file protein27.cif (mmCIF, C-alpha atoms and all ligand atoms)
data_upload
#
loop_
_atom_site.label_atom_id
_atom_site.label_comp_id
_atom_site.auth_asym_id
_atom_site.auth_seq_id
_atom_site.Cartn_x
_atom_site.Cartn_y
_atom_site.Cartn_z
CA MET A 1 -25.71 3.89 -4.90
CA ILE A 2 -22.98 5.82 -6.67
CA ASN A 3 -21.84 4.58 -10.02
CA VAL A 4 -18.97 6.25 -11.84
CA LYS A 5 -17.97 5.06 -15.27
CA ASN A 6 -15.07 6.23 -17.40
CA LEU A 7 -15.36 9.71 -15.99
CA SER A 8 -12.93 12.37 -17.19
CA LYS A 9 -12.60 16.08 -16.63
CA ARG A 10 -10.22 18.19 -18.63
CA TYR A 11 -9.25 21.71 -17.69
CA THR A 12 -7.57 23.70 -20.45
CA ASN A 13 -4.38 21.74 -20.48
CA ILE A 14 -4.66 18.93 -17.94
CA TYR A 15 -6.91 16.01 -17.19
CA ALA A 16 -7.81 16.58 -13.53
CA VAL A 17 -9.80 13.32 -13.69
CA ASP A 18 -8.71 10.78 -16.22
CA ASN A 19 -11.07 7.95 -17.09
CA ILE A 20 -11.98 6.77 -13.60
CA SER A 21 -14.59 4.16 -12.70
CA PHE A 22 -15.77 3.07 -9.27
CA ASN A 23 -18.92 2.25 -7.32
CA VAL A 24 -20.06 3.06 -3.83
CA GLU A 25 -22.42 0.42 -2.47
CA ASP A 26 -25.51 1.07 -0.41
CA GLY A 27 -24.59 1.77 3.22
CA GLU A 28 -20.87 1.85 2.63
CA ILE A 29 -18.38 4.49 3.78
CA LEU A 30 -15.91 4.71 0.94
CA GLY A 31 -12.67 6.60 1.45
CA PHE A 32 -11.55 8.59 -1.56
CA LEU A 33 -7.91 8.98 -0.86
CA GLY A 34 -5.27 10.91 -2.75
CA PRO A 35 -2.57 13.53 -2.43
CA ASN A 36 -3.30 17.19 -3.11
CA GLY A 37 -4.19 17.79 -6.73
CA ALA A 38 -5.14 14.15 -7.35
CA GLY A 39 -8.62 15.04 -8.60
CA LYS A 40 -10.78 14.31 -5.54
CA SER A 41 -12.62 17.63 -5.39
CA THR A 42 -13.12 17.69 -9.13
CA THR A 43 -14.74 14.24 -9.01
CA MET A 44 -16.96 15.29 -6.12
CA ARG A 45 -18.07 18.46 -7.85
CA ILE A 46 -19.14 16.40 -10.83
CA LEU A 47 -20.99 13.90 -8.65
CA THR A 48 -22.83 16.68 -6.86
CA CYS A 49 -23.91 18.25 -10.18
CA PHE A 50 -21.85 21.41 -9.72
CA MET A 51 -19.85 20.87 -12.85
CA PRO A 52 -20.20 18.76 -15.98
CA ALA A 53 -17.66 16.07 -16.84
CA THR A 54 -15.75 16.15 -20.11
CA SER A 55 -16.75 12.55 -20.76
CA GLY A 56 -18.07 9.47 -19.00
CA THR A 57 -21.13 8.95 -16.83
CA ALA A 58 -22.08 9.11 -13.19
CA THR A 59 -25.31 8.09 -11.52
CA ILE A 60 -26.43 8.69 -7.96
CA GLY A 61 -29.16 6.37 -6.70
CA GLY A 62 -29.89 5.60 -10.34
CA PHE A 63 -30.18 9.26 -11.41
CA ASP A 64 -27.77 10.56 -13.99
CA VAL A 65 -25.98 13.58 -12.51
CA PHE A 66 -26.35 15.55 -15.74
CA LYS A 67 -29.70 14.49 -17.13
CA ASP A 68 -31.48 14.11 -13.80
CA SER A 69 -29.52 16.54 -11.70
CA LEU A 70 -32.52 17.83 -9.73
CA LYS A 71 -33.43 14.36 -8.56
CA ALA A 72 -29.82 13.44 -7.92
CA ARG A 73 -29.30 16.54 -5.80
CA GLN A 74 -32.30 15.73 -3.64
CA ILE A 75 -30.67 12.56 -2.39
CA ILE A 76 -27.16 13.95 -1.97
CA GLY A 77 -25.81 15.89 0.97
CA TYR A 78 -22.62 17.67 -0.03
CA LEU A 79 -19.99 19.18 2.20
CA PRO A 80 -17.70 21.08 -0.15
CA GLU A 81 -14.00 21.67 0.43
CA ASN A 82 -14.54 25.26 1.58
CA VAL A 83 -17.89 25.46 3.30
CA PRO A 84 -19.57 28.67 2.16
CA LEU A 85 -21.33 29.61 5.37
CA TYR A 86 -23.17 32.88 5.84
CA THR A 87 -21.12 34.07 8.78
CA GLU A 88 -23.50 36.83 9.88
CA MET A 89 -26.45 34.45 10.32
CA ARG A 90 -27.35 32.51 13.42
CA VAL A 91 -27.05 28.72 13.14
CA THR A 92 -30.81 28.02 13.08
CA GLU A 93 -31.43 30.91 10.70
CA TYR A 94 -28.85 29.56 8.31
CA LEU A 95 -30.22 26.02 8.44
CA LEU A 96 -33.76 27.35 7.88
CA PHE A 97 -32.53 29.30 4.89
CA ARG A 98 -30.77 26.23 3.52
CA SER A 99 -33.75 23.95 4.14
CA LYS A 100 -35.97 26.30 2.13
CA LEU A 101 -33.43 26.34 -0.70
CA LYS A 102 -33.39 22.58 -0.63
CA LYS A 103 -37.17 22.53 -0.73
CA VAL A 104 -37.72 20.72 2.55
CA ALA A 105 -41.51 20.75 3.13
CA ARG A 106 -42.53 23.56 5.49
CA SER A 107 -44.08 21.10 7.95
CA ASP A 108 -40.84 19.07 8.14
CA ARG A 109 -38.37 21.92 8.45
CA LYS A 110 -38.30 22.35 12.19
CA LYS A 111 -37.82 18.66 12.83
CA ARG A 112 -35.20 18.29 10.12
CA ILE A 113 -33.23 21.25 11.43
CA ASN A 114 -33.39 19.98 15.00
CA ASP A 115 -32.44 16.46 13.99
CA SER A 116 -29.48 17.69 11.93
CA MET A 117 -28.25 19.93 14.73
CA GLU A 118 -28.53 17.12 17.19
CA GLN A 119 -26.66 14.65 14.98
CA CYS A 120 -23.85 17.15 14.55
CA GLY A 121 -23.73 18.20 18.18
CA ILE A 122 -24.52 21.87 17.58
CA ASP A 123 -27.85 22.24 19.40
CA ASN A 124 -25.99 24.09 22.15
CA VAL A 125 -24.88 26.85 19.77
CA GLN A 126 -28.04 27.10 17.71
CA ASN A 127 -28.61 30.77 18.48
CA GLN A 128 -25.02 31.81 17.98
CA ILE A 129 -23.82 33.89 15.01
CA ILE A 130 -21.89 31.52 12.74
CA GLY A 131 -18.96 33.94 12.42
CA THR A 132 -18.31 33.67 16.16
CA LEU A 133 -18.02 29.87 16.15
CA SER A 134 -14.76 27.93 16.19
CA LYS A 135 -13.67 26.26 12.97
CA GLY A 136 -14.67 22.87 14.34
CA TYR A 137 -18.17 24.08 15.08
CA ARG A 138 -18.46 25.78 11.71
CA GLN A 139 -17.55 22.53 10.06
CA ARG A 140 -20.32 20.87 12.03
CA VAL A 141 -22.75 23.52 10.83
CA GLY A 142 -21.66 22.61 7.30
CA LEU A 143 -22.33 18.96 8.08
CA ALA A 144 -25.75 19.80 9.52
CA ASP A 145 -26.50 21.71 6.32
CA SER A 146 -25.54 18.70 4.23
CA LEU A 147 -28.03 16.64 6.26
CA VAL A 148 -30.95 19.01 6.49
CA HIS A 149 -32.91 17.54 3.57
CA ASN A 150 -32.31 14.05 4.92
CA PRO A 151 -30.26 12.72 1.99
CA LYS A 152 -29.45 9.03 1.58
CA ILE A 153 -25.98 9.83 0.32
CA LEU A 154 -23.31 12.07 1.79
CA ILE A 155 -20.40 13.39 -0.23
CA LEU A 156 -17.87 14.95 2.11
CA ASP A 157 -14.82 16.71 0.73
CA GLU A 158 -11.96 16.66 3.27
CA PRO A 159 -14.30 17.24 6.21
CA THR A 160 -11.58 17.48 8.86
CA ILE A 161 -9.12 19.68 7.03
CA GLY A 162 -7.86 22.65 9.06
CA LEU A 163 -9.29 21.42 12.36
CA ASP A 164 -7.29 20.86 15.53
CA PRO A 165 -6.81 17.28 16.80
CA ASN A 166 -9.75 17.40 19.21
CA GLN A 167 -12.07 18.86 16.61
CA ILE A 168 -10.88 16.24 14.15
CA ARG A 169 -11.83 13.49 16.57
CA GLN A 170 -15.23 14.97 17.19
CA VAL A 171 -16.02 15.47 13.51
CA ARG A 172 -14.87 11.93 12.73
CA GLN A 173 -17.10 10.58 15.42
CA ILE A 174 -20.04 12.47 13.93
CA ILE A 175 -19.27 11.13 10.46
CA LYS A 176 -19.06 7.62 11.82
CA GLY A 177 -22.53 8.04 13.28
CA LEU A 178 -23.92 9.50 10.05
CA GLY A 179 -22.47 6.58 8.12
CA GLU A 180 -24.52 4.09 10.09
CA LYS A 181 -27.64 4.94 8.12
CA ARG A 182 -26.26 6.48 4.99
CA THR A 183 -23.95 5.87 2.07
CA VAL A 184 -20.88 8.06 2.39
CA LEU A 185 -18.15 9.07 -0.04
CA LEU A 186 -15.43 10.78 1.93
CA SER A 187 -12.35 12.36 0.45
CA THR A 188 -9.24 12.82 2.50
CA HIS A 189 -5.50 12.72 2.39
CA ILE A 190 -5.33 11.76 6.06
CA LEU A 191 -4.57 8.08 6.48
CA PRO A 192 -5.82 7.38 10.01
CA GLU A 193 -9.13 8.89 8.97
CA VAL A 194 -9.56 6.20 6.36
CA GLU A 195 -8.49 3.47 8.73
CA MET A 196 -10.97 4.63 11.31
CA LEU A 197 -13.97 5.31 9.11
CA CYS A 198 -13.86 3.48 5.83
CA GLY A 199 -14.63 -0.10 4.92
CA ARG A 200 -13.07 0.39 1.53
CA VAL A 201 -10.69 2.82 -0.11
CA VAL A 202 -10.23 4.09 -3.63
CA ILE A 203 -6.83 5.67 -4.08
CA ILE A 204 -6.64 8.32 -6.75
CA ASN A 205 -3.38 9.75 -8.01
CA LYS A 206 -2.88 12.25 -10.84
CA GLY A 207 -6.48 11.82 -11.95
CA LYS A 208 -6.26 8.03 -12.21
CA ILE A 209 -7.36 5.27 -9.89
CA ALA A 210 -4.25 3.65 -8.47
CA ALA A 211 -5.87 1.08 -6.18
CA SER A 212 -9.17 0.08 -4.67
CA ASP A 213 -9.64 -2.35 -1.80
CA THR A 214 -10.15 -2.63 1.93
CA PRO A 215 -7.44 -0.92 3.99
CA GLY A 216 -6.37 -4.36 5.26
CA ASN A 217 -6.01 -5.92 1.82
CA LEU A 218 -4.03 -2.98 0.54
CA SER A 219 -1.60 -3.40 3.40
CA ASP A 220 -1.28 -7.09 2.61
CA GLN A 221 -0.45 -6.37 -1.01
CA VAL A 222 2.32 -4.01 -0.09
CA ARG A 223 3.53 -6.31 2.63
CA ALA A 224 4.54 -8.65 -0.22
CA GLY A 225 8.15 -8.79 0.95
CA GLY A 226 6.97 -9.44 4.49
CA ASN A 227 9.35 -7.51 6.69
CA LEU A 228 10.25 -9.28 9.90
CA SER A 229 11.37 -7.97 13.21
CA LEU A 230 13.67 -10.31 15.18
CA GLU A 231 15.12 -10.20 18.65
CA ILE A 232 18.13 -12.49 18.82
CA LYS A 233 20.76 -13.30 21.42
CA GLY A 234 24.15 -13.78 19.79
CA ASP A 235 27.12 -11.86 18.44
CA SER A 236 25.53 -9.27 16.16
CA LYS A 237 28.15 -9.50 13.42
CA LEU A 238 27.64 -13.26 13.18
CA VAL A 239 23.85 -12.89 13.30
CA ILE A 240 23.81 -10.41 10.44
CA ASP A 241 26.18 -12.58 8.48
CA ALA A 242 24.07 -15.73 8.95
CA ILE A 243 20.71 -14.11 8.18
CA SER A 244 21.93 -12.21 5.16
CA LYS A 245 23.15 -15.51 3.64
CA ILE A 246 19.57 -16.81 3.48
CA ASP A 247 18.48 -17.05 -0.16
CA ASN A 248 15.40 -14.88 -0.10
CA VAL A 249 16.58 -12.30 2.34
CA ALA A 250 17.14 -8.96 0.67
CA HIS A 251 18.47 -7.00 3.62
CA VAL A 252 19.19 -7.30 7.35
CA ALA A 253 19.79 -4.40 9.68
CA GLU A 254 20.45 -4.15 13.38
CA LYS A 255 17.82 -1.72 14.60
CA ASN A 256 18.43 -1.63 18.28
CA LYS A 257 21.10 -3.04 20.61
CA ILE A 258 19.58 -4.13 23.89
CA GLU A 259 22.64 -5.75 25.46
CA ASN A 260 26.26 -5.63 24.36
CA SER A 261 28.35 -8.59 25.62
CA GLY A 262 29.85 -10.71 22.87
CA GLN A 263 27.88 -13.82 22.14
CA ASN A 264 25.38 -12.91 24.83
CA SER A 265 24.54 -9.65 23.06
CA VAL A 266 20.88 -9.06 22.37
CA SER A 267 19.69 -6.97 19.44
CA VAL A 268 16.57 -6.29 17.45
CA TYR A 269 16.98 -6.78 13.71
CA SER A 270 14.77 -5.95 10.79
CA VAL A 271 14.77 -8.33 7.88
CA GLU A 272 13.50 -7.43 4.46
CA SER A 273 12.77 -10.40 2.25
CA LYS A 274 12.59 -10.56 -1.51
CA LYS A 275 9.17 -10.08 -3.04
CA ASN A 276 6.43 -12.35 -1.73
CA MET A 277 8.81 -14.60 0.14
CA ASP A 278 8.13 -15.87 3.60
CA VAL A 279 11.55 -16.44 5.14
CA ARG A 280 10.48 -17.20 8.71
CA GLU A 281 11.35 -20.87 8.56
CA GLN A 282 14.80 -20.27 7.09
CA VAL A 283 15.45 -17.58 9.66
CA PHE A 284 14.50 -19.97 12.42
CA ASN A 285 16.76 -22.70 11.02
CA ALA A 286 19.69 -20.32 10.62
CA VAL A 287 19.32 -19.23 14.24
CA VAL A 288 19.33 -22.84 15.47
CA LYS A 289 22.22 -23.88 13.25
CA ASN A 290 24.40 -21.04 14.51
CA ASN A 291 23.52 -21.53 18.17
CA PHE A 292 21.90 -18.14 18.53
CA THR A 293 18.77 -17.73 20.64
CA LEU A 294 15.60 -16.44 19.04
CA LEU A 295 13.78 -14.30 21.59
CA GLU A 296 11.13 -12.89 19.29
CA MET A 297 10.07 -12.98 15.64
CA LYS A 298 7.17 -10.98 14.29
CA LYS A 299 5.88 -9.64 11.00
CA ASP A 300 5.96 -5.89 10.80
CA ALA A 301 2.54 -4.42 10.21
CA VAL A 302 2.37 -2.28 7.08
CA SER A 303 0.51 0.92 7.75
CA LEU A 304 -1.83 2.45 5.25
CA GLU A 305 0.61 5.31 5.19
CA GLU A 306 3.26 3.06 3.69
CA VAL A 307 0.72 1.70 1.23
CA PHE A 308 -0.22 5.19 0.18
CA HIS A 309 3.38 6.26 -0.16
CA HIS A 310 4.16 3.15 -2.15
CA ILE A 311 1.24 3.61 -4.52
CA THR A 312 1.49 7.33 -5.06
CA THR A 313 5.23 7.51 -5.52
CA ASN A 314 5.86 4.26 -7.34
CA GLU A 315 4.14 4.45 -10.71
CA ASP A 316 5.01 0.88 -11.59
CA ALA A 317 3.86 -0.58 -8.31
CA GLY A 318 1.38 -2.58 -10.33
CA ILE A 319 -1.24 -2.65 -7.60
CA LYS A 320 -4.67 -2.53 -9.12
CA GLY A 321 -7.99 -3.12 -7.50
N1 LIG A 401 -10.92 25.33 -12.12
C1 LIG A 401 -9.77 24.74 -12.44
N2 LIG A 401 -9.09 25.12 -13.54
C2 LIG A 401 -7.93 24.51 -13.89
N3 LIG A 401 -7.35 23.50 -13.21
C3 LIG A 401 -7.99 23.08 -12.10
C4 LIG A 401 -9.22 23.66 -11.64
N4 LIG A 401 -9.61 23.03 -10.52
C5 LIG A 401 -8.67 22.10 -10.27
N5 LIG A 401 -7.70 22.12 -11.21
C6 LIG A 401 -6.54 21.20 -11.28
O1 LIG A 401 -7.04 19.89 -11.36
C7 LIG A 401 -6.25 19.00 -10.58
C8 LIG A 401 -7.12 18.28 -9.56
O2 LIG A 401 -7.59 19.21 -8.60
P1 LIG A 401 -8.56 18.80 -7.42
O3 LIG A 401 -9.70 18.03 -7.98
O4 LIG A 401 -8.89 20.04 -6.68
O5 LIG A 401 -7.63 17.84 -6.57
P2 LIG A 401 -7.76 17.37 -5.04
O6 LIG A 401 -9.11 17.73 -4.54
O7 LIG A 401 -7.51 15.89 -5.08
O8 LIG A 401 -6.67 18.09 -4.29
C9 LIG A 401 -5.15 19.85 -9.97
O9 LIG A 401 -4.01 19.72 -10.78
C10 LIG A 401 -5.71 21.24 -10.02
O10 LIG A 401 -4.67 22.18 -10.11
MG MG A 402 -9.63 18.90 -2.94
#

call {"tool": "encode", "arguments": {"input": "protein27.cif", "output": "structure tokens", "more": "lines below"}}
Ligand SMILES: Nc1ncnc2c1ncn2[C@@H]1O[C@H](COP(=O)(O)OP(=O)(O)O)[C@@H](O)[C@H]1O
Ligand SMILES: [Mg+2]
result
Amino acid sequence: MINVKNLSKRYTNIYAVDNISFNVEDGEILGFLGPNGAGKSTTMRILTCFMPATSGTATIGGFDVFKDSLKARQIIGYLPENVPLYTEMRVTEYLLFRSKLKKVARSDRKKRINDSMEQCGIDNVQNQIIGTLSKGYRQRVGLADSLVHNPKILILDEPTIGLDPNQIRQVRQIIKGLGEKRTVLLSTHILPEVEMLCGRVVIINKGKIAASDTPGNLSDQVRAGGNLSLEIKGDSKLVIDAISKIDNVAHVAEKNKIENSGQNSVSVYSVESKKNMDVREQVFNAVVKNNFTLLEMKKDAVSLEEVFHHITTNEDAGIKG
């Protein structure tokens, strides 16, 4: 649906987007994730025909965004970073105005406007002046606008930015619904958003693609070392000593003392292993050999947040999708 190949954009002295390539498949919600200044908005402006690239190509539903921009625009709904709403207009007035601009056939307009309002949960404020709406509702008006010409593809630039937690949940829920029938490219720097909405993520950092995979697979790659959490009964000094002697253990720390009584002490430990090593068996054996009691052993889940931190702060992380 969206095909980006070797795309670059240079501003006077920096490459905001530096030779990126990625695809968004039909029906997919792709998360375009990156810290501030990574190049997300720049990429989206190019894809929505608002700005030419310096080099490379991009097609939307088969239409080149430069050569066939009129056709490309017809199938794209775009929610820009700062939604330029006409704050003195009423919601329906604004959507009518936008639907005319987008050349929605006169006979379809009413239905399209009503459908868009319904999908974005703003039918109850349709006669209100936009300027009097809360930020969450204004964002929904922006979403309704992006839908009014019934596009197959939605390009949403940080749709929940600046909203309060309840508004964020509501807008996410709306996006989830919209994604059921459409292809969505969604930029964000909010991790839980990606985990909740996106089947796949492309991580962009300093204009370059740093990783691309499902949120789950990215976590697995970073998990490499496989941190363990252990609850052990035994003298904590001896426990730390025994576990840290295991070949592939990089580090052991006592995280939490639950009971403090000599060899009947109980503590929770975190164990970091050396890259890609599964040390569970050796840990188990060390516990048995030293007459400790293993009460619990589990792998720590790696959150997407850790993945993101790892990828965007560690240039040599070597994770490529
Ligand atoms: N019009 C512009 N002129 C010069 N530099 C720009 C312009 N727009 C963005 N940039 C720079 O390009 C980089 C990428 O910006 P942007 O695409 O807005 O990132 P993001 O949306 O990921 O936060 C940033 O370093 C930003 O300062
Ligand atoms: Mg941006």

call {"tool": "closest_residue", "arguments": {"input": "protein27.cif", "among": "A:Gly216, A:Gly61, A:Gly207, A:Gly142", "to": "A:Asp157", "atoms": "all atoms listed in the file"}}
result
A:Gly142

call {"tool": "residues_near_ligand", "arguments": {"input": "protein27.cif", "ligand": "ligand MG 402 (chain A)", "cutoff": "8 Å", "atoms": "only C-alpha atoms and all ligand atoms", "output": "list in words"}}
result
Asn36, Gly37, Ala38, Gly39, Lys40, Ser41, Thr42, Glu81, Asp157, Glu158 and Ser187 of chain A

call {"tool": "write_last_selection", "arguments": {"input": "protein27.cif", "atoms": "C-alpha atoms", "output": "tab-separated table (two decimals), keeping the file's coordinate frame"}}
result
chain	number	residue	atom	x	y	z
A	36	ASN	CA	-3.30	17.19	-3.11
A	37	GLY	CA	-4.19	17.79	-6.73
A	38	ALA	CA	-5.14	14.15	-7.35
A	39	GLY	CA	-8.62	15.04	-8.60
A	40	LYS	CA	-10.78	14.31	-5.54
A	41	SER	CA	-12.62	17.63	-5.39
A	42	THR	CA	-13.12	17.69	-9.13
A	81	GLU	CA	-14.00	21.67	0.43
A	157	ASP	CA	-14.82	16.71	0.73
A	158	GLU	CA	-11.96	16.66	3.27
A	187	SER	CA	-12.35	12.36	0.45

call {"tool": "closest_residue", "arguments": {"input": "protein27.cif", "among": "A:Thr132, A:Asn150, A:Ser236, A:Ser229", "to": "A:Asn260", "atoms": "all atoms listed in the file"}}
result
A:Ser236

call {"tool": "closest_residue", "arguments": {"input": "protein27.cif", "among": "A:Ala250, A:Val201, A:Leu7, A:Met1", "to": "A:Thr188", "atoms": "only C-alpha atoms"}}
result
A:Val201

call {"tool": "residues_near_point", "arguments": {"input": "protein27.cif", "point": "(-31.5, 9.0, -7.8)", "cutoff": "9 Å", "atoms": "only C-alpha atoms", "output": "PDB file with C-alpha atoms, in the frame of the given file"}}
result
ATOM      1  CA  MET A   1     -25.710   3.890  -4.900  1.00  0.00           C
ATOM      2  CA  THR A  59     -25.310   8.090 -11.520  1.00  0.00           C
ATOM      3  CA  ILE A  60     -26.430   8.690  -7.960  1.00  0.00           C
ATOM      4  CA  GLY A  61     -29.160   6.370  -6.700  1.00  0.00           C
ATOM      5  CA  GLY A  62     -29.890   5.600 -10.340  1.00  0.00           C
ATOM      6  CA  PHE A  63     -30.180   9.260 -11.410  1.00  0.00           C
ATOM      7  CA  ASP A  64     -27.770  10.560 -13.990  1.00  0.00           C
ATOM      8  CA  VAL A  65     -25.980  13.580 -12.510  1.00  0.00           C
ATOM      9  CA  ASP A  68     -31.480  14.110 -13.800  1.00  0.00           C
ATOM     10  CA  SER A  69     -29.520  16.540 -11.700  1.00  0.00           C
ATOM     11  CA  LYS A  71     -33.430  14.360  -8.560  1.00  0.00           C
ATOM     12  CA  ALA A  72     -29.820  13.440  -7.920  1.00  0.00           C
ATOM     13  CA  ARG A  73     -29.300  16.540  -5.800  1.00  0.00           C
ATOM     14  CA  GLN A  74     -32.300  15.730  -3.640  1.00  0.00           C
ATOM     15  CA  ILE A  75     -30.670  12.560  -2.390  1.00  0.00           C
ATOM     16  CA  ILE A  76     -27.160  13.950  -1.970  1.00  0.00           C
TER      17      ILE A  76
END

call {"tool": "closest_residue", "arguments": {"input": "protein27.cif", "among": "A:Ile122, A:Leu156, A:Ala58, A:Leu133", "to": "ligand LIG 401 (chain A)", "atoms": "all atoms listed in the file"}}
result
A:Leu156

call {"tool": "residues_around", "arguments": {"input": "protein27.cif", "residues": "A:Gln263", "least_positions_apart": "2", "cutoff": "8 Å", "atoms": "all atoms listed in the file", "output": "list in words"}}
result
Lys233, Gly234, Asp235, Ser236, Ser261 and Ser265 of chain A

call {"tool": "closest_residue", "arguments": {"input": "protein27.cif", "among": "A:Asp164, A:Asp247, A:Glu306, A:Asp115", "to": "A:Met277", "atoms": "only C-alpha atoms"}}
result
A:Asp247

call {"tool": "residues_near_point", "arguments": {"input": "protein27.cif", "point": "(-31.3, 32.5, 13.0)", "cutoff": "12 Å", "atoms": "all atoms listed in the file", "output": "list in words"}}
result
Tyr86, Thr87, Glu88, Met89, Arg90, Val91, Thr92, Glu93, Tyr94, Leu95, Leu96, Phe97, Arg98, Ile113, Val125, Gln126, Asn127, Gln128, Ile129 and Ile130 of chain A

call {"tool": "build_atoms", "arguments": {"input": "protein27.cif", "residues": "stretch 229-243 of chain A", "atoms": "N, CA and C atoms", "output": "PDB file, in the coordinates of the input"}}
result
ATOM      1  N   SER A 229      10.616  -8.560  12.130  1.00  0.00           N
ATOM      2  CA  SER A 229      11.370  -7.970  13.210  1.00  0.00           C
ATOM      3  C   SER A 229      11.814  -9.121  14.114  1.00  0.00           C
ATOM      4  N   LEU A 230      13.127  -9.190  14.395  1.00  0.00           N
ATOM      5  CA  LEU A 230      13.670 -10.310  15.180  1.00  0.00           C
ATOM      6  C   LEU A 230      14.398  -9.782  16.402  1.00  0.00           C
ATOM      7  N   GLU A 231      14.261 -10.496  17.503  1.00  0.00           N
ATOM      8  CA  GLU A 231      15.120 -10.200  18.650  1.00  0.00           C
ATOM      9  C   GLU A 231      15.947 -11.458  18.891  1.00  0.00           C
ATOM     10  N   ILE A 232      17.259 -11.312  18.774  1.00  0.00           N
ATOM     11  CA  ILE A 232      18.130 -12.490  18.820  1.00  0.00           C
ATOM     12  C   ILE A 232      19.271 -12.263  19.815  1.00  0.00           C
ATOM     13  N   LYS A 233      19.572 -13.333  20.557  1.00  0.00           N
ATOM     14  CA  LYS A 233      20.760 -13.300  21.420  1.00  0.00           C
ATOM     15  C   LYS A 233      21.890 -13.976  20.654  1.00  0.00           C
ATOM     16  N   GLY A 234      23.008 -13.249  20.528  1.00  0.00           N
ATOM     17  CA  GLY A 234      24.150 -13.780  19.790  1.00  0.00           C
ATOM     18  C   GLY A 234      25.005 -12.619  19.310  1.00  0.00           C
ATOM     19  N   ASP A 235      26.232 -12.912  18.919  1.00  0.00           N
ATOM     20  CA  ASP A 235      27.120 -11.860  18.440  1.00  0.00           C
ATOM     21  C   ASP A 235      26.512 -11.219  17.178  1.00  0.00           C
ATOM     22  N   SER A 236      26.328  -9.904  17.221  1.00  0.00           N
ATOM     23  CA  SER A 236      25.530  -9.270  16.160  1.00  0.00           C
ATOM     24  C   SER A 236      26.163  -9.403  14.778  1.00  0.00           C
ATOM     25  N   LYS A 237      27.484  -9.355  14.716  1.00  0.00           N
ATOM     26  CA  LYS A 237      28.150  -9.500  13.420  1.00  0.00           C
ATOM     27  C   LYS A 237      27.808 -10.863  12.810  1.00  0.00           C
ATOM     28  N   LEU A 238      27.911 -11.902  13.662  1.00  0.00           N
ATOM     29  CA  LEU A 238      27.640 -13.260  13.180  1.00  0.00           C
ATOM     30  C   LEU A 238      26.163 -13.428  12.802  1.00  0.00           C
ATOM     31  N   VAL A 239      25.294 -12.797  13.590  1.00  0.00           N
ATOM     32  CA  VAL A 239      23.850 -12.890  13.300  1.00  0.00           C
ATOM     33  C   VAL A 239      23.557 -12.288  11.926  1.00  0.00           C
ATOM     34  N   ILE A 240      24.069 -11.081  11.718  1.00  0.00           N
ATOM     35  CA  ILE A 240      23.810 -10.410  10.440  1.00  0.00           C
ATOM     36  C   ILE A 240      24.359 -11.230   9.276  1.00  0.00           C
ATOM     37  N   ASP A 241      25.556 -11.768   9.512  1.00  0.00           N
ATOM     38  CA  ASP A 241      26.180 -12.580   8.480  1.00  0.00           C
ATOM     39  C   ASP A 241      25.317 -13.812   8.143  1.00  0.00           C
ATOM     40  N   ALA A 242      24.850 -14.503   9.180  1.00  0.00           N
ATOM     41  CA  ALA A 242      24.070 -15.730   8.950  1.00  0.00           C
ATOM     42  C   ALA A 242      22.728 -15.445   8.275  1.00  0.00           C
ATOM     43  N   ILE A 243      22.045 -14.400   8.740  1.00  0.00           N
ATOM     44  CA  ILE A 243      20.710 -14.110   8.180  1.00  0.00           C
ATOM     45  C   ILE A 243      20.830 -13.595   6.745  1.00  0.00           C
TER      46      ILE A 243
END
